[in-house]
Amino acid sequence: LAQEYRKPFRVGAADREPPDPRKWVIRAPQASTREPVEVELGEPLDRALLERVVEVADGRGVRIDGQVEVGPEERVWRWRPQAAWAAGEYRVRVEKILEDLAGNTIGKPFEVDVFERVEERISREAVEVRFRVR
């Protein structure tokens with residue numbers, strides 16, 4: 001280098017707390033509208049994964065078609081259905097591979113000092129959070 005260069009970084013405390021969908025705040029839309037269901041995530045989560053591994057299903061567990069919108073700083077997830085909402089129970093289904101910015105996944109911190117069995121195939125294990133449209 002021709003001259004000295006410095007790049008400062010600001011760091012905070014280690015984040016060892018996995019994302020917990022049970023702590024998310026869900027704002028359900030009104031029936032007969034196409035308004036999105038809105039989920040406050042409580043912390044920034046991986047945007048690419050939010051767009052790919054979170055979905056909405058009806059009360060029977062059948063996936064519903066719709067469009068994902070990720071809010072500012074990846075702290076809000078919105079999902080707008082293709083058809084108007086019918087009154088009833090729904091589920092936000094989240095694959096456990098969803099990560100926060102520290103690499104923690106649902107139910108598992110990133111830095112864990114244990115030996116785990118290596119799976120031969122990829123599983124699509126998920127958790128669900130229910131909400132009701134009225």
# chains A, B, ... in the order shown; residues from 1 in each chain; ligands from 1
>>> residues_around(residues="Ile106 in chain A", least_positions_apart="4", cutoff="8 Å", atoms="only C-alpha atoms", output="MDAnalysis selection string")
chainID A and resid 18:21 96:99
>>> closest_atom_pairs(of="range 64-97 of chain A", to="range 49-54 of chain A", cutoff="10 Å", atoms="only C-alpha atoms", output="Markdown table")
| residue | atom | partner | partner_atom | distance |
| --- | --- | --- | --- | --- |
| A:Gln67 | CA | A:Glu51 | CA | 9.0 |
| A:Val68 | CA | A:Glu51 | CA | 6.1 |
| A:Glu69 | CA | A:Glu51 | CA | 7.7 |
| A:Val70 | CA | A:Leu50 | CA | 7.4 |
| A:Glu74 | CA | A:Leu50 | CA | 8.4 |
| A:Val76 | CA | A:Leu50 | CA | 9.6 |
| A:Trp77 | CA | A:Leu50 | CA | 7.4 |
| A:Arg78 | CA | A:Leu50 | CA | 9.8 |
| A:Trp79 | CA | A:Val54 | CA | 9.3 |
| A:Val92 | CA | A:Val54 | CA | 6.9 |
| A:Arg93 | CA | A:Val54 | CA | 5.7 |
| A:Val94 | CA | A:Val54 | CA | 4.6 |
| A:Glu95 | CA | A:Val53 | CA | 5.4 |
| A:Lys96 | CA | A:Val53 | CA | 8.5 |
| A:Ile97 | CA | A:Val53 | CA | 7.8 |
>>> residues_around(residues="Gly59 in chain A", least_positions_apart="3", cutoff="10 Å", atoms="only C-alpha atoms", output="list in words")
Val56, Val62, Arg63, Gly88, Glu89, Tyr90, Arg91, Arg130, Phe131 and Arg132 of chain A
>>> atom_distance(atom1="CA of Arg60 in chain A", atom2="CA of Arg134 in chain A")
17.0 Å
>>> select_by_dssp(residues="range 19-97 of chain A", states="strand (DSSP E or B)", output="ChimeraX atom specification")
/A:25-27,37-40,45,54-58,63,66-70,76-81,88-95
>>> write_last_selection(atoms="C-alpha atoms", output="compact mmCIF listing (two decimals), in the first residue's frame")
# COMPACT_ATOMS: atom_id res chain seq x y z
CA VAL A 25 -46.18 -10.75 16.70
CA ILE A 26 -48.69 -11.61 13.99
CA ARG A 27 -51.17 -9.05 12.69
CA VAL A 37 -50.63 -10.90 7.13
CA GLU A 38 -47.80 -9.04 8.89
CA VAL A 39 -45.26 -10.70 11.18
CA GLU A 40 -42.96 -8.68 13.44
CA LEU A 45 -33.37 -12.22 9.86
CA VAL A 54 -41.56 -18.99 5.23
CA GLU A 55 -45.04 -19.66 3.87
CA VAL A 56 -48.72 -19.52 4.79
CA ALA A 57 -51.04 -22.51 4.98
CA ASP A 58 -54.75 -22.84 5.69
CA ARG A 63 -50.00 -24.16 1.36
CA GLY A 66 -49.18 -15.52 -2.38
CA GLN A 67 -46.40 -12.96 -2.49
CA VAL A 68 -43.73 -12.27 0.16
CA GLU A 69 -42.72 -8.74 1.14
CA VAL A 70 -39.81 -8.15 3.53
CA VAL A 76 -41.01 -7.53 9.29
CA TRP A 77 -42.32 -10.28 7.00
CA ARG A 78 -45.53 -9.71 5.05
CA TRP A 79 -47.42 -12.16 2.89
CA ARG A 80 -50.21 -11.14 0.50
CA PRO A 81 -52.52 -13.90 -0.81
CA GLY A 88 -60.74 -19.07 9.61
CA GLU A 89 -57.49 -20.50 10.97
CA TYR A 90 -54.19 -20.15 9.15
CA ARG A 91 -50.55 -21.02 9.84
CA VAL A 92 -47.25 -19.31 9.17
CA ARG A 93 -44.93 -22.24 8.47
CA VAL A 94 -41.19 -21.62 8.94
CA GLU A 95 -38.41 -24.02 8.03
>>> select_by_dssp(residues="chain A", states="alpha helix (DSSP H)", output="JSON list (two decimals) with C-alpha atoms, in the first residue's frame")
[["chain", "number", "residue", "atom", "x", "y", "z"],
["A", 47, "ARG", "CA", -33.65, -11.78, 3.78],
["A", 48, "ALA", "CA", -33.03, -14.49, 1.17],
["A", 49, "LEU", "CA", -34.27, -17.17, 3.56],
["A", 50, "LEU", "CA", -37.29, -15.07, 4.58],
["A", 51, "GLU", "CA", -38.30, -15.00, 0.93],
["A", 52, "ARG", "CA", -37.81, -18.75, 0.50]]
>>> atom_distance(atom1="CA of Arg16 in chain A", atom2="CA of Arg124 in chain A")
22.8 Å
>>> atom_distance(atom1="CA of Phe110 in chain A", atom2="CA of Glu43 in chain A")
15.7 Å
>>> closest_residue(among="A:Gly61, A:Glu73, A:Ala31, A:Gly103", to="Val127 in chain A", atoms="only C-alpha atoms")
A:Gly61
